[in-house]
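Pasting structure21.tsv here (TSV, C-alpha atoms and all ligand atoms):
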```tsv
chain	number	residue	atom	x	y	z
A	1	MET	CA	33.40	10.58	-1.70
A	2	GLU	CA	31.81	12.29	-4.74
A	3	GLU	CA	32.95	9.52	-7.04
A	4	LEU	CA	31.41	6.92	-4.77
A	5	ILE	CA	28.14	8.84	-4.70
A	6	ASP	CA	28.12	9.14	-8.51
A	7	LYS	CA	28.80	5.42	-8.93
A	8	ALA	CA	26.10	4.46	-6.44
A	9	ARG	CA	23.60	6.68	-8.24
A	10	ALA	CA	24.55	5.12	-11.58
A	11	ALA	CA	24.23	1.60	-10.18
A	12	LEU	CA	20.69	2.17	-8.96
A	13	GLN	CA	19.31	1.34	-12.41
A	14	HIS	CA	20.25	-2.28	-11.73
A	15	SER	CA	18.33	-2.54	-8.46
A	16	TYR	CA	15.86	-5.42	-8.57
A	17	ALA	CA	13.07	-4.50	-6.19
A	18	PRO	CA	9.73	-5.53	-7.76
A	19	TYR	CA	8.28	-6.55	-4.39
A	20	SER	CA	9.04	-3.61	-2.12
A	21	GLY	CA	9.60	-0.99	-4.81
A	22	PHE	CA	12.33	0.35	-2.51
A	23	ARG	CA	15.49	0.68	-4.55
A	24	VAL	CA	18.91	0.89	-2.92
A	25	ALA	CA	22.42	1.16	-4.31
A	26	ALA	CA	25.77	1.14	-2.54
A	27	ALA	CA	29.36	1.88	-3.47
A	28	VAL	CA	32.42	0.90	-1.49
A	29	LEU	CA	36.06	1.98	-1.67
A	30	ASP	CA	38.69	-0.64	-0.91
A	31	GLU	CA	42.24	-0.30	0.42
A	32	GLN	CA	43.59	-0.29	-3.14
A	33	GLY	CA	41.45	2.68	-4.14
A	34	ARG	CA	39.05	0.55	-6.15
A	35	ILE	CA	35.31	1.20	-6.17
A	36	PHE	CA	32.70	-1.55	-6.26
A	37	THR	CA	28.95	-1.13	-6.43
A	38	GLY	CA	25.98	-3.23	-5.44
A	39	VAL	CA	22.20	-3.01	-5.47
A	40	ASN	CA	19.39	-4.70	-3.60
A	41	VAL	CA	18.30	-7.91	-5.27
A	42	GLU	CA	14.91	-9.18	-4.15
A	43	ASN	CA	13.36	-12.60	-4.61
A	44	ALA	CA	9.88	-14.12	-4.72
A	45	SER	CA	11.02	-15.96	-1.62
A	46	TYR	CA	11.29	-12.67	0.25
A	47	GLY	CA	13.80	-13.78	2.85
A	48	LEU	CA	16.42	-14.38	0.17
A	49	THR	CA	16.63	-10.68	-0.56
A	50	GLN	CA	20.18	-9.34	-0.71
A	51	CYS	CA	20.75	-5.76	0.41
A	52	ALA	CA	22.76	-3.30	-1.66
A	53	GLU	CA	25.49	-2.84	0.94
A	54	ARG	CA	26.16	-6.56	1.26
A	55	SER	CA	26.09	-6.95	-2.53
A	56	ALA	CA	28.77	-4.29	-2.91
A	57	ILE	CA	30.92	-5.63	-0.08
A	58	CYS	CA	30.72	-9.23	-1.31
A	59	THR	CA	31.70	-8.13	-4.81
A	60	ALA	CA	34.70	-6.26	-3.39
A	61	ILE	CA	35.82	-9.20	-1.25
A	62	GLY	CA	35.42	-11.53	-4.24
A	63	GLU	CA	37.79	-9.28	-6.21
A	64	GLY	CA	40.45	-9.44	-3.51
A	65	ALA	CA	39.63	-6.45	-1.33
A	66	THR	CA	40.71	-6.91	2.26
A	67	SER	CA	39.61	-3.68	3.89
A	68	ILE	CA	36.77	-1.37	2.93
A	69	GLN	CA	37.53	2.29	3.66
A	70	GLN	CA	34.30	4.00	2.72
A	71	VAL	CA	30.70	2.95	2.17
A	72	VAL	CA	28.05	5.05	0.42
A	73	VAL	CA	24.38	4.11	0.50
A	74	TYR	CA	22.11	5.85	-1.98
A	75	THR	CA	18.31	5.78	-2.09
A	76	PRO	CA	16.17	7.88	-4.45
A	77	THR	CA	14.19	9.20	-1.49
A	78	SER	CA	13.80	12.50	0.35
A	79	GLU	CA	15.51	11.11	3.46
A	80	PRO	CA	18.72	9.08	3.70
A	81	THR	CA	18.62	5.35	4.45
A	82	THR	CA	20.99	3.80	6.95
A	83	PRO	CA	22.15	0.18	6.65
A	84	CYS	CA	19.94	-2.53	8.17
A	85	GLY	CA	21.18	-4.59	11.09
A	86	ALA	CA	22.49	-7.45	8.95
A	87	CYS	CA	24.44	-5.01	6.78
A	88	ARG	CA	25.86	-3.32	9.86
A	89	GLN	CA	27.22	-6.66	11.02
A	90	VAL	CA	28.82	-7.28	7.60
A	91	ILE	CA	30.21	-3.74	7.53
A	92	SER	CA	31.82	-4.41	10.92
A	93	GLU	CA	33.53	-7.50	9.48
A	94	PHE	CA	35.06	-5.89	6.40
A	95	ALA	CA	34.81	-2.15	6.93
A	96	LYS	CA	35.67	-1.75	10.59
A	97	ASP	CA	37.29	1.67	10.17
A	98	ALA	CA	35.06	2.85	7.35
A	99	THR	CA	32.99	5.96	7.09
A	100	VAL	CA	29.42	5.11	6.14
A	101	LEU	CA	27.63	7.90	4.28
A	102	SER	CA	23.93	7.71	3.43
A	103	VAL	CA	22.73	10.05	0.69
A	104	CYS	CA	19.43	10.60	-1.06
A	105	ASP	CA	17.72	13.03	-3.44
A	106	SER	CA	17.61	15.90	-0.94
A	107	ASP	CA	20.48	17.64	0.79
A	108	GLN	CA	19.97	15.47	3.87
A	109	GLN	CA	22.71	12.99	4.59
A	110	LEU	CA	23.87	10.86	7.48
A	111	ILE	CA	27.42	9.92	8.27
A	112	ALA	CA	28.55	7.32	10.77
A	113	GLY	CA	31.45	5.11	11.69
A	114	SER	CA	31.11	1.33	11.66
A	115	SER	CA	31.37	1.02	15.46
A	116	GLY	CA	28.73	3.72	15.91
A	117	LEU	CA	26.36	1.75	13.69
A	118	ILE	CA	26.87	-1.51	15.55
A	119	PRO	CA	28.38	-1.25	19.00
A	120	HIS	CA	29.56	-4.55	20.48
A	121	ALA	CA	29.42	-6.29	17.10
A	122	PHE	CA	29.94	-10.03	17.00
A	123	GLU	CA	33.54	-10.50	15.91
A	124	LEU	CA	36.05	-13.07	14.74
A	125	ASN	CA	37.92	-13.03	18.05
A	126	LYS	CA	34.73	-14.17	19.77
A	127	VAL	CA	34.44	-17.21	17.49
A	128	LYS	CA	38.08	-18.24	17.81
A	129	ARG	CA	38.98	-20.14	20.95
B	201	LIG	N1	17.57	-2.76	1.77
B	201	LIG	C1	18.87	-2.58	1.40
B	201	LIG	O1	19.25	-2.82	0.25
B	201	LIG	N2	19.73	-2.11	2.33
B	201	LIG	C2	19.40	-1.80	3.62
B	201	LIG	O2	20.27	-1.53	4.44
B	201	LIG	C3	17.98	-1.77	4.00
B	201	LIG	C4	17.07	-2.53	3.11
B	201	LIG	C5	16.62	-3.26	0.77
B	201	LIG	C6	16.16	-4.66	1.02
B	201	LIG	C7	14.83	-4.67	0.30
B	201	LIG	O3	15.05	-5.00	-1.06
B	201	LIG	C8	14.35	-3.24	0.37
B	201	LIG	O4	15.46	-2.45	0.77
B	201	LIG	C9	13.22	-3.02	1.36
B	201	LIG	O5	13.54	-3.54	2.60
```
Output the file's structure as structure tokens, nothing else.
Ligand code: THU
Amino acid sequence: MEELIDKARAALQHSYAPYSGFRVAAAVLDEQGRIFTGVNVENASYGLTQCAERSAICTAIGEGATSIQQVVVYTPTSEPTTPCGACRQVISEFAKDATVLSVCDSDQQLIAGSSGLIPHAFELNKVKR
């Protein structure tokens, strides 16, 4: 987990958050032991903003990951930040059994499982007939 935290902290420099000023970075560990990072990427058309967690997960999936084992969310704040609802849904798709750890610049941290973050998530088996 320490390596994921270090990589998320290092990635934060790439966060693009000129509108909210709220910078977020994430790191994910895939089933092959690889680590991918992502940051929030905002846009003048606010609704197009991409969260850090989804950036990291999409990068991992694009590189062939099939199952995310761990997710770390880092914010340079005094309290940890948990994934937004949209990110929880995406975590449930690709990181069903993952541990999700939120860390910040204090000793406070939050840890959760994917199903705890989004009970009754909308799933593939509900789309398939
Ligand atoms: N943000 C994330 O990157 N992840 C979350 O789970 C919550 C929100 C970003 C989106 C936006 O750039 C900024 O935080 C403020 O909402």
Could you check which residues have any atom within 12 Å of (19.3, 12.8, -3.7), counting only C-alpha atoms with coordinates taken straight from the file, and then list them as an mmCIF file with C-alpha atoms, keeping the file's coordinate frame?
```cif
data_model
loop_
_atom_site.group_PDB
_atom_site.id
_atom_site.type_symbol
_atom_site.label_atom_id
_atom_site.label_comp_id
_atom_site.auth_asym_id
_atom_site.auth_seq_id
_atom_site.Cartn_x
_atom_site.Cartn_y
_atom_site.Cartn_z
ATOM 1 C CA ILE A 5 28.140 8.840 -4.700
ATOM 2 C CA ASP A 6 28.120 9.140 -8.510
ATOM 3 C CA ALA A 8 26.100 4.460 -6.440
ATOM 4 C CA ARG A 9 23.600 6.680 -8.240
ATOM 5 C CA LEU A 12 20.690 2.170 -8.960
ATOM 6 C CA VAL A 24 18.910 0.890 -2.920
ATOM 7 C CA VAL A 73 24.380 4.110 0.500
ATOM 8 C CA TYR A 74 22.110 5.850 -1.980
ATOM 9 C CA THR A 75 18.310 5.780 -2.090
ATOM 10 C CA PRO A 76 16.170 7.880 -4.450
ATOM 11 C CA THR A 77 14.190 9.200 -1.490
ATOM 12 C CA SER A 78 13.800 12.500 0.350
ATOM 13 C CA GLU A 79 15.510 11.110 3.460
ATOM 14 C CA PRO A 80 18.720 9.080 3.700
ATOM 15 C CA THR A 81 18.620 5.350 4.450
ATOM 16 C CA SER A 102 23.930 7.710 3.430
ATOM 17 C CA VAL A 103 22.730 10.050 0.690
ATOM 18 C CA CYS A 104 19.430 10.600 -1.060
ATOM 19 C CA ASP A 105 17.720 13.030 -3.440
ATOM 20 C CA SER A 106 17.610 15.900 -0.940
ATOM 21 C CA ASP A 107 20.480 17.640 0.790
ATOM 22 C CA GLN A 108 19.970 15.470 3.870
ATOM 23 C CA GLN A 109 22.710 12.990 4.590
#
```
*asked:* Using only C-alpha atoms and all ligand atoms, which residues have at least one atom no more than 6 Å from ligand LIG 201 (chain B)? Output them as number ranges by chain.
replied: A: 17, 20, 22, 24, 40, 42, 49, 51-53, 82-84, 87
_Residues within 12 Å of (35.8, 5.2, 3.7), counting only C-alpha atoms, listed as a ChimeraX atom specification_ = /A:1-5,27-35,67-73,91,94-101,111-114
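CA of Phe122 (chain A) is positioned 24.5 Å from CA of Glu63 (chain A).
Counting from CA of Ala86 (chain A), the distance to CA of Gln50 (chain A) is 10.1 Å.
For the pair CA of Gln89 (chain A) and CA of Val41 (chain A), the interatomic distance is 18.6 Å.
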*Of the candidates A:Gly85, A:Ser92, A:Tyr19, A:Gln13, which one gets nearest to Ala44 (chain A) if we count all atoms listed in the file?*
A:Tyr19
Add whatever atoms are absent from region 34-55 of chain A to reach N, CA and C atoms, and provide the output as a JSON list (two decimals), keeping the file's coordinate frame.
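Heads up, here's the output in part00.json:
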```
[["chain", "number", "residue", "atom", "x", "y", "z"],
["A", 34, "ARG", "N", 40.03, 1.02, -5.16],
["A", 34, "ARG", "CA", 39.05, 0.55, -6.15],
["A", 34, "ARG", "C", 37.63, 0.76, -5.61],
["A", 35, "ILE", "N", 36.72, 0.99, -6.54],
["A", 35, "ILE", "CA", 35.31, 1.20, -6.17],
["A", 35, "ILE", "C", 34.48, 0.04, -6.72],
["A", 36, "PHE", "N", 33.64, -0.49, -5.86],
["A", 36, "PHE", "CA", 32.70, -1.55, -6.26],
["A", 36, "PHE", "C", 31.29, -1.10, -5.89],
["A", 37, "THR", "N", 30.34, -1.51, -6.71],
["A", 37, "THR", "CA", 28.95, -1.13, -6.43],
["A", 37, "THR", "C", 28.10, -2.37, -6.22],
["A", 38, "GLY", "N", 26.94, -2.15, -5.64],
["A", 38, "GLY", "CA", 25.98, -3.23, -5.44],
["A", 38, "GLY", "C", 24.59, -2.64, -5.33],
["A", 39, "VAL", "N", 23.59, -3.45, -5.59],
["A", 39, "VAL", "CA", 22.20, -3.01, -5.47],
["A", 39, "VAL", "C", 21.42, -4.06, -4.69],
["A", 40, "ASN", "N", 20.22, -3.68, -4.24],
["A", 40, "ASN", "CA", 19.39, -4.70, -3.60],
["A", 40, "ASN", "C", 18.81, -5.62, -4.67],
["A", 41, "VAL", "N", 18.79, -6.89, -4.34],
["A", 41, "VAL", "CA", 18.30, -7.91, -5.27],
["A", 41, "VAL", "C", 17.26, -8.73, -4.52],
["A", 42, "GLU", "N", 16.00, -8.50, -4.85],
["A", 42, "GLU", "CA", 14.91, -9.18, -4.15],
["A", 42, "GLU", "C", 14.59, -10.52, -4.81],
["A", 43, "ASN", "N", 13.71, -11.27, -4.12],
["A", 43, "ASN", "CA", 13.36, -12.60, -4.61],
["A", 43, "ASN", "C", 11.92, -12.90, -4.22],
["A", 44, "ALA", "N", 11.25, -13.73, -5.03],
["A", 44, "ALA", "CA", 9.88, -14.12, -4.72],
["A", 44, "ALA", "C", 9.81, -14.81, -3.36],
["A", 45, "SER", "N", 10.88, -15.46, -2.98],
["A", 45, "SER", "CA", 11.02, -15.96, -1.62],
["A", 45, "SER", "C", 11.68, -14.83, -0.83],
["A", 46, "TYR", "N", 10.85, -13.98, -0.24],
["A", 46, "TYR", "CA", 11.29, -12.67, 0.25],
["A", 46, "TYR", "C", 12.57, -12.70, 1.10],
["A", 47, "GLY", "N", 12.68, -13.73, 1.92],
["A", 47, "GLY", "CA", 13.80, -13.78, 2.85],
["A", 47, "GLY", "C", 15.15, -13.94, 2.17],
["A", 48, "LEU", "N", 15.15, -14.23, 0.90],
["A", 48, "LEU", "CA", 16.42, -14.38, 0.17],
["A", 48, "LEU", "C", 16.95, -13.05, -0.34],
["A", 49, "THR", "N", 16.21, -12.00, -0.09],
["A", 49, "THR", "CA", 16.63, -10.68, -0.56],
["A", 49, "THR", "C", 18.04, -10.33, -0.09],
["A", 50, "GLN", "N", 18.82, -9.79, -1.03],
["A", 50, "GLN", "CA", 20.18, -9.34, -0.71],
["A", 50, "GLN", "C", 20.18, -7.81, -0.71],
["A", 51, "CYS", "N", 20.69, -7.22, 0.34],
["A", 51, "CYS", "CA", 20.75, -5.76, 0.41],
["A", 51, "CYS", "C", 21.89, -5.22, -0.46],
["A", 52, "ALA", "N", 21.77, -3.95, -0.81],
["A", 52, "ALA", "CA", 22.76, -3.30, -1.66],
["A", 52, "ALA", "C", 24.15, -3.27, -1.02],
["A", 53, "GLU", "N", 24.19, -2.96, 0.26],
["A", 53, "GLU", "CA", 25.49, -2.84, 0.94],
["A", 53, "GLU", "C", 26.23, -4.18, 0.91],
["A", 54, "ARG", "N", 25.50, -5.25, 1.24],
["A", 54, "ARG", "CA", 26.16, -6.56, 1.26],
["A", 54, "ARG", "C", 26.53, -7.00, -0.15],
["A", 55, "SER", "N", 25.73, -6.64, -1.15],
["A", 55, "SER", "CA", 26.09, -6.95, -2.53],
["A", 55, "SER", "C", 27.42, -6.30, -2.89]]
```
